[in-house]
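Peer 1: Dropping the structure in here first, questions after.
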Amino acid sequence: MMISQFRWSAAVHIERGRFPHDVVPVNNNCLEPWPLKFSHHPIQIQCTFHSSHTSGTEKKKKKKKKLIDPLAYSSSYYYYRKPPEKLRNYMGSQGSEEGGSLLKKPRFLCLHGFRTSGEIMKKQVGKWPESVLQKLDLVYLDGPFPALGKSDVEGIFDPPYYEWFQFNKEFSEYTNFDKCLEYIEDYIIKQGPFDGLVGFSQGAILSAALPGLQAKGVALTKVPKIKFLIIIGGAKFKSPAVADDAYASPIQCPSLHFLGETDFLKPYGLELLEHCVEPTIIHHPKGHTVPRLDEKGLETMMSFIDKIQKALTEKDQQ
């Protein structure tokens with residue numbers, strides 16, 4: 001198992017079965033693998049998988065050579081050999097070139113749209129580039145209630161479909177809202193912690209309200225504070241019963257907002273922006289959907305992720 005330096009690439013042999021002193025495991029929950037970055041040029045990796053067993057005088061090797069993106073190993077069960085100190089000087093952390101320290105991968109709980117599902121949202125978000133998805137640990141949760149009516153995505157995405165709570169035509173009265181809050185808190189207790197929330201549509205409205213409800217002691221009182229938000233097609237609650245607590249004070253946590261040019265919720269999304277202290281905005285030409293990222297949107301997204309990665313890493317080092 002060895003590392004050889006080339007101009008812009010490195011050949012990395014990853015071995016399992018033996019654990020030499022200079023091999024370190026990847027922490028699947030919070031740390032990304034060795035960043036394998038040389039200046040501003042990403043390093044490609046040639047991986048050879050082989051067995052440590054021998055037969056006679058020759059080793060029987062299973063080889064599968066393939067150039068891959070090093071980020072593909074962010075959830076690998078293999079182990080990485082520490083590179084020599086000389087080579088490590090050329091390697092920054094994933095998404096960072098500061099001092100070679102590893103950055104935490106932000107963990108987000110994803111709340112889907114009305115009468116869809118966690119699996120559907122995973123497919124919707126899956127349109128984003130791998131360069132984005134590999135920097136985030138995304139967990140998709142189904143709403144607590146099976147859909148009580150027809151879903152707008154029938155014929156596009158397969159059932160089952162779920163909803164977070166029920167509401168009237170004017171979106172001013174909500175049913176089972178308290179049960180929804182308890183359901184989310186229970187999931188975070190069992191599967192958390194999470195650094196932030198990603199929400200689309202009904203899930204976005206809910207996500208944007210939770211930091212305020214948590215600050216008022218109305219929701220999520222048994223789990224850590226929500227630190228970041230990614231809001232796609234969001235808005236504010238109308239009912240004073242929820243809004244008075246949710247928006248009693250400005251939303252302090254850094255937030256990223258997707259605003260669609262033809263989204264029927266855009267005017268309400270703009271109202272939500274006025275209530276946020278640190279909003280970052282991605283405009284897109286589509287309607288009420290999880291959009292693909294164009295060049296400008298990708299740049300904004302990567303900048304937001306780098307910002308929250310550094311914030312989490314600095315907090316851990318304190």
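Naming works like this for the structure tokens: A, B, ... for the chains as they're shown, residue 1 at the start of each chain, ligands 1 onward in shown order.
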Got a sec: who's within 10 Å of A:Leu148, counting only C-alpha atoms, leaving out chain neighbours fewer than 2 positions off, as a PyMOL selection string?
Peer 2: chain A and resi 115+145-146+150-151+161-163+166
Peer 1: Could you pull out the strand (DSSP E) residues of stretch 182-287 of chain A, going by DSSP on the backbone, and write them as a PyMOL selection string?
Peer 2: chain A and resi 196-200+228-232+255-260+279-284
Peer 1: Nearest to A:Lys225: which of A:Leu293, A:Leu256, A:Ala243, A:Ile188 is it, counting only C-alpha atoms?
Peer 2: A:Ile188
Peer 1: If I take atom CA of A:Val290 and atom CA of A:Gln124, how far is one from the other in Å, to one decimal?
Peer 2: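 About the pair atom CA of A:Val290 and atom CA of A:Gln124: they are 6.0 Å apart.
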Peer 1: Can you work out the spacing between atom CA of A:Ile251 and atom CA of A:Glu130 in Å, to one decimal?
Peer 2: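 Between atom CA of A:Ile251 and atom CA of A:Glu130 the gap works out to 29.3 Å.
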Peer 1: Quick one: distance from atom CA of A:Leu298 to atom CA of A:Ser131 in Å, one decimal?
Peer 2: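 Atom CA of A:Ser131 lies 9.2 Å from atom CA of A:Leu298.
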Peer 1: Do a neighbour search on A:Gly217 at 12 Å with only C-alpha atoms, toss out local chain neighbours closer than 5 positions, and write the hits as a list in words.
Peer 2: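 Contacts, with the query itself left out: Leu181, Leu210, Pro211, Gly212, Lys222, Val223, Lys225, Asp245, Ala246 and Ala248 of chain A.
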Peer 1: Restrict the selected residues to N, CA and C atoms and save them as a PDB file, in the first residue's frame.
Peer 2:
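Contents of selection.pdb, as written:
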ATOM      1  N   LEU A 181     -44.397  18.346  15.151  1.00  0.00           N
ATOM      2  CA  LEU A 181     -43.212  18.826  15.871  1.00  0.00           C
ATOM      3  C   LEU A 181     -42.637  17.739  16.773  1.00  0.00           C
ATOM      4  N   LEU A 210     -38.854  26.502  12.382  1.00  0.00           N
ATOM      5  CA  LEU A 210     -38.365  25.736  13.532  1.00  0.00           C
ATOM      6  C   LEU A 210     -37.303  26.457  14.378  1.00  0.00           C
ATOM      7  N   PRO A 211     -36.358  27.199  13.801  1.00  0.00           N
ATOM      8  CA  PRO A 211     -35.405  27.908  14.680  1.00  0.00           C
ATOM      9  C   PRO A 211     -36.100  28.865  15.648  1.00  0.00           C
ATOM     10  N   GLY A 212     -37.110  29.600  15.160  1.00  0.00           N
ATOM     11  CA  GLY A 212     -37.838  30.516  16.032  1.00  0.00           C
ATOM     12  C   GLY A 212     -38.662  29.793  17.079  1.00  0.00           C
ATOM     13  N   LYS A 222     -35.509  19.411  23.259  1.00  0.00           N
ATOM     14  CA  LYS A 222     -34.639  18.352  23.778  1.00  0.00           C
ATOM     15  C   LYS A 222     -33.462  18.052  22.863  1.00  0.00           C
ATOM     16  N   VAL A 223     -33.271  18.850  21.824  1.00  0.00           N
ATOM     17  CA  VAL A 223     -32.206  18.596  20.846  1.00  0.00           C
ATOM     18  C   VAL A 223     -31.363  19.854  20.661  1.00  0.00           C
ATOM     19  N   LYS A 225     -29.428  23.122  19.111  1.00  0.00           N
ATOM     20  CA  LYS A 225     -29.924  24.257  18.330  1.00  0.00           C
ATOM     21  C   LYS A 225     -29.690  24.048  16.833  1.00  0.00           C
ATOM     22  N   ASP A 245     -44.878  32.959  17.530  1.00  0.00           N
ATOM     23  CA  ASP A 245     -43.703  32.343  18.157  1.00  0.00           C
ATOM     24  C   ASP A 245     -42.564  32.143  17.148  1.00  0.00           C
ATOM     25  N   ALA A 246     -42.914  31.676  15.951  1.00  0.00           N
ATOM     26  CA  ALA A 246     -41.888  31.343  14.951  1.00  0.00           C
ATOM     27  C   ALA A 246     -41.083  32.555  14.517  1.00  0.00           C
ATOM     28  N   ALA A 248     -41.011  35.645  16.248  1.00  0.00           N
ATOM     29  CA  ALA A 248     -40.953  36.625  17.331  1.00  0.00           C
ATOM     30  C   ALA A 248     -39.664  37.430  17.268  1.00  0.00           C
TER      31      ALA A 248
END
Peer 1: At a cut-off of 10 Å, using only C-alpha atoms, what residues contact A:Ile305? Leave out same-chain residues fewer than 2 positions from it and give the result as an mmCIF file with all heavy atoms, in the first residue's frame.
Peer 2:
data_model
loop_
_atom_site.group_PDB
_atom_site.id
_atom_site.type_symbol
_atom_site.label_atom_id
_atom_site.label_comp_id
_atom_site.auth_asym_id
_atom_site.auth_seq_id
_atom_site.Cartn_x
_atom_site.Cartn_y
_atom_site.Cartn_z
ATOM 1 N N GLY A 95 -12.342 20.942 0.476
ATOM 2 C CA GLY A 95 -12.995 22.236 0.412
ATOM 3 C C GLY A 95 -12.213 23.343 1.092
ATOM 4 O O GLY A 95 -12.695 24.451 1.191
ATOM 5 N N LYS A 105 -18.210 17.578 7.736
ATOM 6 C CA LYS A 105 -19.243 17.532 6.714
ATOM 7 C C LYS A 105 -20.574 17.876 7.387
ATOM 8 O O LYS A 105 -21.054 17.122 8.232
ATOM 9 C CB LYS A 105 -19.306 16.144 6.084
ATOM 10 C CG LYS A 105 -20.364 16.023 5.003
ATOM 11 C CD LYS A 105 -20.454 14.604 4.464
ATOM 12 C CE LYS A 105 -19.303 14.290 3.552
ATOM 13 N NZ LYS A 105 -19.526 13.017 2.815
ATOM 14 N N PRO A 106 -21.205 18.999 7.039
ATOM 15 C CA PRO A 106 -22.458 19.388 7.704
ATOM 16 C C PRO A 106 -23.546 18.330 7.501
ATOM 17 O O PRO A 106 -23.732 17.818 6.404
ATOM 18 C CB PRO A 106 -22.833 20.696 7.006
ATOM 19 C CG PRO A 106 -21.555 21.208 6.433
ATOM 20 C CD PRO A 106 -20.772 19.992 6.057
ATOM 21 N N VAL A 132 -21.382 19.170 -4.912
ATOM 22 C CA VAL A 132 -22.207 19.694 -3.812
ATOM 23 C C VAL A 132 -22.621 18.565 -2.877
ATOM 24 O O VAL A 132 -22.449 18.648 -1.655
ATOM 25 C CB VAL A 132 -23.461 20.405 -4.360
ATOM 26 C CG1 VAL A 132 -24.434 20.725 -3.227
ATOM 27 C CG2 VAL A 132 -23.074 21.676 -5.097
ATOM 28 N N LYS A 135 -20.282 17.100 -0.273
ATOM 29 C CA LYS A 135 -19.875 17.953 0.847
ATOM 30 C C LYS A 135 -20.913 17.982 1.971
ATOM 31 O O LYS A 135 -20.673 18.585 3.015
ATOM 32 C CB LYS A 135 -19.639 19.383 0.348
ATOM 33 C CG LYS A 135 -18.296 19.571 -0.352
ATOM 34 C CD LYS A 135 -18.141 21.009 -0.792
ATOM 35 C CE LYS A 135 -16.709 21.284 -1.260
ATOM 36 N NZ LYS A 135 -15.761 21.380 -0.146
ATOM 37 N N LEU A 136 -22.077 17.355 1.731
ATOM 38 C CA LEU A 136 -23.165 17.388 2.707
ATOM 39 C C LEU A 136 -23.577 15.975 3.096
ATOM 40 O O LEU A 136 -23.591 15.072 2.262
ATOM 41 C CB LEU A 136 -24.379 18.116 2.121
ATOM 42 C CG LEU A 136 -24.168 19.559 1.656
ATOM 43 C CD1 LEU A 136 -25.410 20.057 0.926
ATOM 44 C CD2 LEU A 136 -23.830 20.472 2.829
ATOM 45 N N LEU A 256 -29.751 29.659 3.321
ATOM 46 C CA LEU A 256 -29.657 29.709 1.862
ATOM 47 C C LEU A 256 -31.064 29.537 1.307
ATOM 48 O O LEU A 256 -31.756 28.585 1.661
ATOM 49 C CB LEU A 256 -28.739 28.607 1.345
ATOM 50 C CG LEU A 256 -28.602 28.474 -0.171
ATOM 51 C CD1 LEU A 256 -27.944 29.704 -0.781
ATOM 52 C CD2 LEU A 256 -27.798 27.216 -0.528
ATOM 53 N N THR A 300 -22.594 30.033 -5.707
ATOM 54 C CA THR A 300 -23.208 30.506 -4.469
ATOM 55 C C THR A 300 -23.376 29.371 -3.463
ATOM 56 O O THR A 300 -23.108 29.534 -2.265
ATOM 57 C CB THR A 300 -24.586 31.135 -4.767
ATOM 58 O OG1 THR A 300 -24.435 32.202 -5.702
ATOM 59 C CG2 THR A 300 -25.232 31.671 -3.493
ATOM 60 N N MET A 301 -23.813 28.216 -3.954
ATOM 61 C CA MET A 301 -23.994 27.051 -3.084
ATOM 62 C C MET A 301 -22.675 26.609 -2.460
ATOM 63 O O MET A 301 -22.594 26.362 -1.248
ATOM 64 C CB MET A 301 -24.616 25.910 -3.885
ATOM 65 C CG MET A 301 -24.655 24.577 -3.167
ATOM 66 S SD MET A 301 -25.807 24.549 -1.782
ATOM 67 C CE MET A 301 -27.277 23.973 -2.578
ATOM 68 N N MET A 302 -21.623 26.519 -3.262
ATOM 69 C CA MET A 302 -20.326 26.071 -2.752
ATOM 70 C C MET A 302 -19.776 27.059 -1.732
ATOM 71 O O MET A 302 -19.177 26.665 -0.719
ATOM 72 C CB MET A 302 -19.349 25.894 -3.908
ATOM 73 C CG MET A 302 -19.751 24.795 -4.892
ATOM 74 S SD MET A 302 -19.816 23.150 -4.136
ATOM 75 C CE MET A 302 -18.093 22.703 -4.178
ATOM 76 N N SER A 303 -19.989 28.341 -1.972
ATOM 77 C CA SER A 303 -19.531 29.358 -1.032
ATOM 78 C C SER A 303 -20.266 29.232 0.306
ATOM 79 O O SER A 303 -19.651 29.343 1.375
ATOM 80 C CB SER A 303 -19.763 30.751 -1.633
ATOM 81 O OG SER A 303 -19.419 31.758 -0.712
ATOM 82 N N LYS A 307 -18.613 28.125 3.929
ATOM 83 C CA LYS A 307 -18.807 29.005 5.082
ATOM 84 C C LYS A 307 -19.263 28.217 6.312
ATOM 85 O O LYS A 307 -18.719 28.390 7.413
ATOM 86 C CB LYS A 307 -19.838 30.073 4.733
ATOM 87 C CG LYS A 307 -20.246 30.974 5.877
ATOM 88 C CD LYS A 307 -21.337 31.945 5.426
ATOM 89 C CE LYS A 307 -21.847 32.800 6.565
ATOM 90 N NZ LYS A 307 -22.925 33.736 6.122
ATOM 91 N N ILE A 308 -20.247 27.331 6.129
ATOM 92 C CA ILE A 308 -20.761 26.600 7.287
ATOM 93 C C ILE A 308 -19.799 25.496 7.712
ATOM 94 O O ILE A 308 -19.727 25.154 8.890
ATOM 95 C CB ILE A 308 -22.182 26.046 7.030
ATOM 96 C CG1 ILE A 308 -22.197 25.020 5.892
ATOM 97 C CG2 ILE A 308 -23.142 27.185 6.730
ATOM 98 C CD1 ILE A 308 -23.579 24.429 5.637
ATOM 99 N N GLN A 309 -19.038 24.930 6.764
ATOM 100 C CA GLN A 309 -18.018 23.949 7.134
ATOM 101 C C GLN A 309 -16.983 24.582 8.047
ATOM 102 O O GLN A 309 -16.595 24.003 9.070
ATOM 103 C CB GLN A 309 -17.329 23.396 5.885
ATOM 104 C CG GLN A 309 -18.058 22.254 5.205
ATOM 105 C CD GLN A 309 -17.207 21.625 4.116
ATOM 106 O OE1 GLN A 309 -16.626 22.326 3.287
ATOM 107 N NE2 GLN A 309 -17.130 20.327 4.101
ATOM 108 N N LYS A 310 -16.529 25.759 7.682
ATOM 109 C CA LYS A 310 -15.519 26.435 8.488
ATOM 110 C C LYS A 310 -16.078 26.809 9.859
ATOM 111 O O LYS A 310 -15.376 26.710 10.867
ATOM 112 C CB LYS A 310 -15.024 27.677 7.749
ATOM 113 C CG LYS A 310 -14.174 27.352 6.532
ATOM 114 C CD LYS A 310 -13.788 28.609 5.769
ATOM 115 C CE LYS A 310 -12.991 28.259 4.516
ATOM 116 N NZ LYS A 310 -12.652 29.467 3.716
ATOM 117 N N ALA A 311 -17.341 27.225 9.892
ATOM 118 C CA ALA A 311 -17.967 27.585 11.176
ATOM 119 C C ALA A 311 -18.030 26.376 12.104
ATOM 120 O O ALA A 311 -17.748 26.482 13.306
ATOM 121 C CB ALA A 311 -19.363 28.145 10.931
#
Peer 1: Could you list, as a list of chain:residue names, every residue within 9 Å of A:Pro144, counting only C-alpha atoms and ignoring same-chain residues fewer than 4 positions away?
Peer 2: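 Everything that qualifies: A:Tyr162, A:Glu163, A:Trp164, A:Phe165, A:Lys179, A:Cys180, A:Tyr183, A:Ile184.
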Peer 1: Can I get the selected residues back with N, CA, C and O atoms, as an mmCIF file, in the first residue's frame?
Peer 2:
data_model
loop_
_atom_site.group_PDB
_atom_site.id
_atom_site.type_symbol
_atom_site.label_atom_id
_atom_site.label_comp_id
_atom_site.auth_asym_id
_atom_site.auth_seq_id
_atom_site.Cartn_x
_atom_site.Cartn_y
_atom_site.Cartn_z
ATOM 1 N N TYR A 162 -46.504 11.393 1.611
ATOM 2 C CA TYR A 162 -46.733 11.792 3.011
ATOM 3 C C TYR A 162 -46.914 13.303 3.109
ATOM 4 O O TYR A 162 -46.556 14.056 2.197
ATOM 5 N N GLU A 163 -47.442 13.735 4.256
ATOM 6 C CA GLU A 163 -47.563 15.160 4.546
ATOM 7 C C GLU A 163 -47.159 15.404 5.999
ATOM 8 O O GLU A 163 -47.257 14.507 6.850
ATOM 9 N N TRP A 164 -46.713 16.624 6.280
ATOM 10 C CA TRP A 164 -46.221 16.944 7.618
ATOM 11 C C TRP A 164 -47.355 17.318 8.570
ATOM 12 O O TRP A 164 -47.312 17.016 9.761
ATOM 13 N N PHE A 165 -48.341 18.005 8.050
ATOM 14 C CA PHE A 165 -49.541 18.385 8.809
ATOM 15 C C PHE A 165 -50.606 18.755 7.782
ATOM 16 O O PHE A 165 -50.344 18.830 6.573
ATOM 17 N N LYS A 179 -48.276 17.367 16.732
ATOM 18 C CA LYS A 179 -47.799 15.989 16.534
ATOM 19 C C LYS A 179 -46.633 15.951 15.552
ATOM 20 O O LYS A 179 -45.704 15.160 15.712
ATOM 21 N N CYS A 180 -46.680 16.814 14.556
ATOM 22 C CA CYS A 180 -45.594 16.919 13.592
ATOM 23 C C CYS A 180 -44.299 17.348 14.285
ATOM 24 O O CYS A 180 -43.235 16.764 14.047
ATOM 25 N N TYR A 183 -42.917 14.531 16.339
ATOM 26 C CA TYR A 183 -42.371 13.500 15.455
ATOM 27 C C TYR A 183 -40.958 13.857 15.000
ATOM 28 O O TYR A 183 -40.044 13.016 15.024
ATOM 29 N N ILE A 184 -40.756 15.101 14.605
ATOM 30 C CA ILE A 184 -39.432 15.539 14.148
ATOM 31 C C ILE A 184 -38.434 15.518 15.301
ATOM 32 O O ILE A 184 -37.294 15.054 15.153
#
Peer 1: Which residues in stretch 228-303 of chain A does DSSP call helix (DSSP H, G or I)? List them as a list in words.
Peer 2: Pro240, Ala241, Val242, Ala243, Asp244, Asp245, Ala246, Lys266, Pro267, Tyr268, Gly269, Leu270, Glu271, Leu272, Leu273, Glu295, Lys296, Gly297, Leu298, Glu299, Thr300, Met301, Met302 and Ser303 of chain A
Peer 1: Excluding A:Phe258 and its own-chain neighbours fewer than 4 positions away, which residues fall within 8 Å of it when counting only C-alpha atoms? Please give them as a compact mmCIF listing (two decimals) with all heavy atoms, in the first residue's frame.
Peer 2:
# COMPACT_ATOMS: atom_id res chain seq x y z
N ILE A 231 -33.49 26.60 2.31
CA ILE A 231 -34.92 26.74 2.07
C ILE A 231 -35.18 26.80 0.57
O ILE A 231 -34.71 27.71 -0.12
CB ILE A 231 -35.46 28.03 2.75
CG1 ILE A 231 -35.13 28.01 4.25
CG2 ILE A 231 -36.95 28.16 2.51
CD1 ILE A 231 -35.75 26.86 5.02
N ILE A 232 -35.97 25.85 0.06
CA ILE A 232 -36.28 25.78 -1.37
C ILE A 232 -37.79 25.96 -1.54
O ILE A 232 -38.58 25.11 -1.14
CB ILE A 232 -35.85 24.41 -1.95
CG1 ILE A 232 -34.40 24.09 -1.57
CG2 ILE A 232 -36.01 24.41 -3.48
CD1 ILE A 232 -34.00 22.66 -1.83
N GLY A 233 -38.19 27.07 -2.14
CA GLY A 233 -39.62 27.32 -2.31
C GLY A 233 -40.33 27.49 -0.99
O GLY A 233 -41.36 26.85 -0.75
N ILE A 281 -29.00 34.05 -1.31
CA ILE A 281 -30.08 33.78 -2.25
C ILE A 281 -29.55 33.18 -3.55
O ILE A 281 -28.55 33.64 -4.10
CB ILE A 281 -30.86 35.07 -2.58
CG1 ILE A 281 -31.31 35.75 -1.29
CG2 ILE A 281 -32.05 34.76 -3.47
CD1 ILE A 281 -31.83 37.15 -1.52
N ILE A 282 -30.24 32.15 -4.03
CA ILE A 282 -30.01 31.59 -5.36
C ILE A 282 -31.29 31.80 -6.17
O ILE A 282 -32.34 31.26 -5.83
CB ILE A 282 -29.65 30.09 -5.31
CG1 ILE A 282 -28.28 29.91 -4.66
CG2 ILE A 282 -29.66 29.49 -6.72
CD1 ILE A 282 -27.84 28.45 -4.54
N HIS A 283 -31.21 32.61 -7.20
CA HIS A 283 -32.35 32.83 -8.10
C HIS A 283 -32.29 31.80 -9.24
O HIS A 283 -31.21 31.48 -9.73
CB HIS A 283 -32.31 34.24 -8.68
CG HIS A 283 -32.51 35.32 -7.66
ND1 HIS A 283 -33.76 35.73 -7.24
CD2 HIS A 283 -31.61 36.08 -6.97
CE1 HIS A 283 -33.63 36.69 -6.34
NE2 HIS A 283 -32.34 36.93 -6.16
N HIS A 284 -33.45 31.30 -9.62
CA HIS A 284 -33.49 30.38 -10.76
C HIS A 284 -34.75 30.67 -11.59
O HIS A 284 -35.71 31.27 -11.09
CB HIS A 284 -33.47 28.92 -10.29
CG HIS A 284 -34.66 28.49 -9.48
ND1 HIS A 284 -35.80 27.98 -10.05
CD2 HIS A 284 -34.88 28.51 -8.13
CE1 HIS A 284 -36.68 27.69 -9.10
NE2 HIS A 284 -36.15 28.00 -7.93
Peer 1: From the options A:Ile226, A:Ala209, A:Leu220, A:Leu312, which residue's atoms come nearest to A:His275, counting only C-alpha atoms?
Peer 2: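 Among the listed residues, A:Ala209 lies closest to A:His275.
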